[in-house]
file query-v9.tsv (TSV, N, CA and C atoms)
chain	number	residue	atom	x	y	z
A	1	MET	N	11.64	66.33	1.65
A	1	MET	CA	12.88	66.75	2.25
A	1	MET	C	13.67	65.50	2.62
A	2	ARG	N	14.96	65.51	2.34
A	2	ARG	CA	15.82	64.43	2.77
A	2	ARG	C	17.24	64.96	2.96
A	3	ALA	N	17.93	64.35	3.88
A	3	ALA	CA	19.31	64.73	4.16
A	3	ALA	C	20.23	63.88	3.29
A	4	ILE	N	21.29	64.47	2.78
A	4	ILE	CA	22.21	63.80	1.89
A	4	ILE	C	23.54	63.55	2.62
A	5	GLY	N	24.14	62.41	2.36
A	5	GLY	CA	25.46	62.09	2.90
A	5	GLY	C	25.45	61.94	4.41
A	6	LYS	N	26.41	62.55	5.07
A	6	LYS	CA	26.58	62.46	6.52
A	6	LYS	C	25.82	63.56	7.26
A	7	ASN	N	25.01	64.35	6.55
A	7	ASN	CA	24.23	65.40	7.18
A	7	ASN	C	23.02	64.80	7.89
A	8	ILE	N	22.62	65.45	8.99
A	8	ILE	CA	21.49	64.99	9.79
A	8	ILE	C	20.62	66.20	10.11
A	9	ILE	N	19.32	66.05	9.96
A	9	ILE	CA	18.37	67.11	10.30
A	9	ILE	C	17.83	66.80	11.69
A	10	ILE	N	17.94	67.77	12.59
A	10	ILE	CA	17.45	67.57	13.95
A	10	ILE	C	16.55	68.73	14.37
A	11	LYS	N	15.78	68.48	15.40
A	11	LYS	CA	14.98	69.52	16.02
A	11	LYS	C	15.57	69.74	17.40
A	12	LYS	N	15.98	70.96	17.66
A	12	LYS	CA	16.60	71.30	18.93
A	12	LYS	C	15.56	71.15	20.04
A	13	ILE	N	15.96	70.55	21.15
A	13	ILE	CA	15.07	70.37	22.29
A	13	ILE	C	15.38	71.48	23.30
A	14	GLU	N	14.38	72.32	23.52
A	14	GLU	CA	14.52	73.40	24.50
A	14	GLU	C	14.04	72.87	25.84
A	15	GLY	N	14.73	73.19	26.88
A	15	GLY	CA	14.31	72.75	28.20
A	15	GLY	C	15.06	73.49	29.28
A	16	GLU	N	14.60	73.30	30.50
A	16	GLU	CA	15.28	73.91	31.62
A	16	GLU	C	16.63	73.24	31.83
A	17	VAL	N	17.60	74.04	32.18
A	17	VAL	CA	18.92	73.51	32.52
A	17	VAL	C	19.18	73.87	33.97
A	18	LYS	N	19.51	72.86	34.75
A	18	LYS	CA	19.76	73.06	36.17
A	18	LYS	C	21.23	72.78	36.46
A	19	THR	N	21.87	73.69	37.18
A	19	THR	CA	23.26	73.49	37.56
A	19	THR	C	23.33	72.48	38.70
A	20	SER	N	24.53	72.04	39.02
A	20	SER	CA	24.70	71.06	40.10
A	20	SER	C	24.26	71.61	41.45
A	21	SER	N	24.26	72.93	41.60
A	21	SER	CA	23.81	73.54	42.85
A	21	SER	C	22.30	73.78	42.88
A	22	GLY	N	21.62	73.44	41.77
A	22	GLY	CA	20.16	73.57	41.73
A	22	GLY	C	19.65	74.85	41.10
A	23	LEU	N	20.53	75.69	40.60
A	23	LEU	CA	20.14	76.94	39.97
A	23	LEU	C	19.59	76.68	38.57
A	24	LEU	N	18.40	77.21	38.26
A	24	LEU	CA	17.82	77.06	36.92
A	24	LEU	C	18.35	78.16	36.02
A	25	LEU	N	18.81	77.78	34.84
A	25	LEU	CA	19.33	78.75	33.88
A	25	LEU	C	18.26	79.09	32.86
A	26	SER	N	18.28	80.33	32.38
A	26	SER	CA	17.35	80.75	31.34
A	26	SER	C	17.72	80.08	30.02
A	27	ALA	N	16.80	80.09	29.07
A	27	ALA	CA	17.06	79.51	27.75
A	27	ALA	C	18.23	80.22	27.08
A	28	GLU	N	18.33	81.52	27.28
A	28	GLU	CA	19.44	82.30	26.69
A	28	GLU	C	20.78	81.85	27.25
A	29	ASP	N	20.85	81.67	28.58
A	29	ASP	CA	22.09	81.20	29.19
A	29	ASP	C	22.42	79.78	28.77
A	30	ALA	N	21.40	78.93	28.69
A	30	ALA	CA	21.60	77.53	28.31
A	30	ALA	C	22.09	77.42	26.87
A	31	SER	N	21.70	78.38	26.02
A	31	SER	CA	22.12	78.32	24.61
A	31	SER	C	23.61	78.60	24.46
A	32	ASP	N	24.25	79.14	25.49
A	32	ASP	CA	25.69	79.40	25.45
A	32	ASP	C	26.51	78.12	25.64
A	33	PHE	N	25.88	77.03	26.09
A	33	PHE	CA	26.60	75.78	26.26
A	33	PHE	C	27.01	75.24	24.90
A	34	ARG	N	28.17	74.65	24.84
A	34	ARG	CA	28.68	74.13	23.56
A	34	ARG	C	27.84	72.96	23.06
A	35	TYR	N	27.42	72.08	23.96
A	35	TYR	CA	26.67	70.89	23.55
A	35	TYR	C	25.19	71.07	23.85
A	36	GLN	N	24.38	70.80	22.84
A	36	GLN	CA	22.93	70.96	22.93
A	36	GLN	C	22.26	69.62	22.72
A	37	ARG	N	21.00	69.55	23.09
A	37	ARG	CA	20.22	68.32	22.96
A	37	ARG	C	19.24	68.47	21.80
A	38	GLY	N	19.06	67.39	21.03
A	38	GLY	CA	18.14	67.45	19.91
A	38	GLY	C	17.58	66.08	19.57
A	39	GLU	N	16.49	66.10	18.80
A	39	GLU	CA	15.87	64.86	18.33
A	39	GLU	C	16.12	64.72	16.85
A	40	ILE	N	16.52	63.54	16.43
A	40	ILE	CA	16.79	63.29	15.01
A	40	ILE	C	15.47	63.27	14.25
A	41	ILE	N	15.35	64.15	13.27
A	41	ILE	CA	14.18	64.16	12.39
A	41	ILE	C	14.45	63.28	11.19
A	42	LEU	N	15.65	63.43	10.61
A	42	LEU	CA	15.97	62.67	9.41
A	42	LEU	C	17.48	62.50	9.27
A	43	PRO	N	17.99	61.27	9.38
A	43	PRO	CA	19.42	61.05	9.16
A	43	PRO	C	19.73	61.05	7.67
A	44	GLY	N	20.96	61.39	7.33
A	44	GLY	CA	21.38	61.40	5.93
A	44	GLY	C	21.51	60.02	5.33
A	45	THR	N	21.73	59.98	4.04
A	45	THR	CA	21.80	58.71	3.30
A	45	THR	C	23.00	57.86	3.67
A	46	ASP	N	24.07	58.47	4.22
A	46	ASP	CA	25.28	57.73	4.58
A	46	ASP	C	25.48	57.59	6.09
A	47	VAL	N	24.44	57.85	6.87
A	47	VAL	CA	24.53	57.76	8.33
A	47	VAL	C	24.13	56.36	8.76
A	48	ALA	N	25.02	55.68	9.50
A	48	ALA	CA	24.80	54.27	9.80
A	48	ALA	C	24.18	54.00	11.16
A	49	HIS	N	24.60	54.68	12.21
A	49	HIS	CA	24.24	54.27	13.57
A	49	HIS	C	23.21	55.17	14.24
A	50	ILE	N	22.70	56.14	13.54
A	50	ILE	CA	21.71	57.07	14.09
A	50	ILE	C	20.42	56.87	13.33
A	51	LYS	N	19.28	56.85	14.06
A	51	LYS	CA	18.01	56.67	13.37
A	51	LYS	C	17.01	57.74	13.80
A	52	LYS	N	15.98	57.90	13.02
A	52	LYS	CA	14.93	58.87	13.29
A	52	LYS	C	14.37	58.64	14.69
A	53	GLY	N	14.20	59.74	15.44
A	53	GLY	CA	13.64	59.66	16.78
A	53	GLY	C	14.67	59.57	17.89
A	54	ASP	N	15.94	59.29	17.56
A	54	ASP	CA	16.98	59.24	18.58
A	54	ASP	C	17.15	60.64	19.20
A	55	ILE	N	17.43	60.65	20.50
A	55	ILE	CA	17.77	61.89	21.19
A	55	ILE	C	19.29	61.92	21.33
A	56	VAL	N	19.89	63.04	20.89
A	56	VAL	CA	21.35	63.14	20.86
A	56	VAL	C	21.81	64.45	21.48
A	57	TYR	N	23.08	64.47	21.89
A	57	TYR	CA	23.77	65.69	22.25
A	57	TYR	C	24.78	65.94	21.14
A	58	TYR	N	24.83	67.18	20.67
A	58	TYR	CA	25.68	67.52	19.53
A	58	TYR	C	26.42	68.82	19.80
A	59	ASP	N	27.51	69.00	19.07
A	59	ASP	CA	28.33	70.20	19.17
A	59	ASP	C	27.63	71.33	18.42
A	60	SER	N	27.07	72.28	19.17
A	60	SER	CA	26.29	73.36	18.55
A	60	SER	C	27.16	74.33	17.75
A	61	ARG	N	28.45	74.31	17.97
A	61	ARG	CA	29.35	75.19	17.21
A	61	ARG	C	29.56	74.67	15.79
A	62	GLN	N	29.18	73.44	15.53
A	62	GLN	CA	29.32	72.86	14.20
A	62	GLN	C	27.95	72.60	13.58
A	63	SER	N	27.00	73.46	13.87
A	63	SER	CA	25.64	73.28	13.34
A	63	SER	C	25.17	74.59	12.71
A	64	TYR	N	24.13	74.49	11.92
A	64	TYR	CA	23.49	75.69	11.41
A	64	TYR	C	21.99	75.45	11.34
A	65	THR	N	21.26	76.57	11.39
A	65	THR	CA	19.81	76.51	11.47
A	65	THR	C	19.19	76.97	10.16
A	66	LEU	N	18.16	76.27	9.74
A	66	LEU	CA	17.41	76.61	8.53
A	66	LEU	C	15.92	76.64	8.85
A	67	VAL	N	15.17	77.37	8.05
A	67	VAL	CA	13.72	77.31	8.11
A	67	VAL	C	13.26	76.60	6.85
A	68	ILE	N	12.66	75.41	7.04
A	68	ILE	CA	12.17	74.61	5.92
A	68	ILE	C	10.69	74.38	6.13
A	69	LYS	N	9.89	74.81	5.16
A	69	LYS	CA	8.43	74.68	5.24
A	69	LYS	C	7.90	75.23	6.55
A	70	GLU	N	8.36	76.43	6.90
A	70	GLU	CA	7.93	77.17	8.10
A	70	GLU	C	8.28	76.47	9.40
A	71	GLU	N	9.21	75.53	9.38
A	71	GLU	CA	9.68	74.86	10.58
A	71	GLU	C	11.18	75.09	10.71
A	72	THR	N	11.60	75.49	11.91
A	72	THR	CA	13.02	75.73	12.16
A	72	THR	C	13.69	74.41	12.52
A	73	VAL	N	14.71	74.05	11.77
A	73	VAL	CA	15.46	72.82	12.00
A	73	VAL	C	16.95	73.15	12.06
A	74	THR	N	17.70	72.23	12.64
A	74	THR	CA	19.15	72.38	12.73
A	74	THR	C	19.80	71.27	11.91
A	75	ILE	N	20.83	71.63	11.18
A	75	ILE	CA	21.58	70.67	10.36
A	75	ILE	C	22.95	70.46	11.01
A	76	ILE	N	23.29	69.19	11.22
A	76	ILE	CA	24.60	68.84	11.75
A	76	ILE	C	25.18	67.72	10.90
A	77	GLN	N	26.45	67.44	11.12
A	77	GLN	CA	27.06	66.27	10.48
A	77	GLN	C	27.22	65.18	11.54
A	78	GLU	N	27.29	63.96	11.08
A	78	GLU	CA	27.34	62.81	11.98
A	78	GLU	C	28.45	62.93	13.03
A	79	HIS	N	29.61	63.44	12.63
A	79	HIS	CA	30.74	63.54	13.57
A	79	HIS	C	30.51	64.56	14.69
A	80	SER	N	29.49	65.41	14.57
A	80	SER	CA	29.18	66.39	15.61
A	80	SER	C	28.43	65.80	16.79
A	81	ILE	N	27.91	64.60	16.63
A	81	ILE	CA	27.15	63.94	17.72
A	81	ILE	C	28.15	63.35	18.71
A	82	VAL	N	27.93	63.65	19.99
A	82	VAL	CA	28.83	63.14	21.02
A	82	VAL	C	28.17	62.09	21.91
A	83	VAL	N	26.83	62.12	22.04
A	83	VAL	CA	26.12	61.16	22.89
A	83	VAL	C	24.76	60.87	22.27
A	84	VAL	N	24.37	59.58	22.28
A	84	VAL	CA	23.02	59.18	21.91
A	84	VAL	C	22.36	58.63	23.17
A	85	GLU	N	21.19	59.16	23.53
A	85	GLU	CA	20.51	58.67	24.74
A	85	GLU	C	19.86	57.35	24.47

call {"tool": "encode", "arguments": {"input": "query-v9.tsv", "output": "structure tokens"}}
result
Amino acid sequence: MRAIGKNIIIKKIEGEVKTSSGLLLSAEDASDFRYQRGEIILPGTDVAHIKKGDIVYYDSRQSYTLVIKEETVTIIQEHSIVVVE
């Protein structure tokens, strides 16, 4: 498996989301947020500044999910990344 061009394969990171007041949100409520957190599994052939293992925040409205070899992954384009940790 390899990503082509500016496409990036990531694994979505599920976790607790806490509001500023300390309220914990369910995974369903957290999935409604526009920006999600993920780990880079494989950057595309034309991606310059992102590498495997980076943790990023990306625009979930510009992503799609695939099942590849019984593993669920998310595909985004480089321009969808807003923050690299």

call {"tool": "residues_around", "arguments": {"input": "query-v9.tsv", "residues": "Gln36 in chain A", "least_positions_apart": "5", "cutoff": "5 Å", "atoms": "only N, CA and C atoms", "output": "PyMOL selection string"}}
result
chain A and resi 57-58+60

call {"tool": "axis_aligned_box", "arguments": {"input": "query-v9.tsv", "around": "range 2-17 of chain A", "padding_each_side": "5 Å", "output": "lines of an AutoDock Vina configuration file"}}
result
center_x = 20.3
center_y = 68.0
center_z = 17.9
size_x = 22.5
size_y = 22.1
size_z = 42.1

call {"tool": "atom_distance", "arguments": {"input": "query-v9.tsv", "atom1": "CA of Glu78 in chain A", "atom2": "CA of Ala48 in chain A"}}
result
9.2 Å

call {"tool": "closest_residue", "arguments": {"input": "query-v9.tsv", "among": "A:Gly38, A:Leu66, A:Glu71, A:Gly44", "to": "Val84 in chain A", "atoms": "only C-alpha atoms"}}
result
A:Gly38

call {"tool": "select_by_dssp", "arguments": {"input": "query-v9.tsv", "residues": "chain A", "states": "strand (DSSP E or B)", "output": "PyMOL selection string"}}
result
chain A and resi 7-12+17-18+24-25+35-43+55-59+64-68+71-77+81-84

call {"tool": "residues_around", "arguments": {"input": "query-v9.tsv", "residues": "Ile9 in chain A", "least_positions_apart": "3", "cutoff": "7 Å", "atoms": "only C-alpha atoms", "output": "list in words"}}
result
Ala3, Ile40, Ile41, Leu42, Pro43, Val73, Thr74, Ile75 and Ile76 of chain A

call {"tool": "atom_distance", "arguments": {"input": "query-v9.tsv", "atom1": "CA of Val56 in chain A", "atom2": "CA of Glu70 in chain A"}}
result
23.2 Å
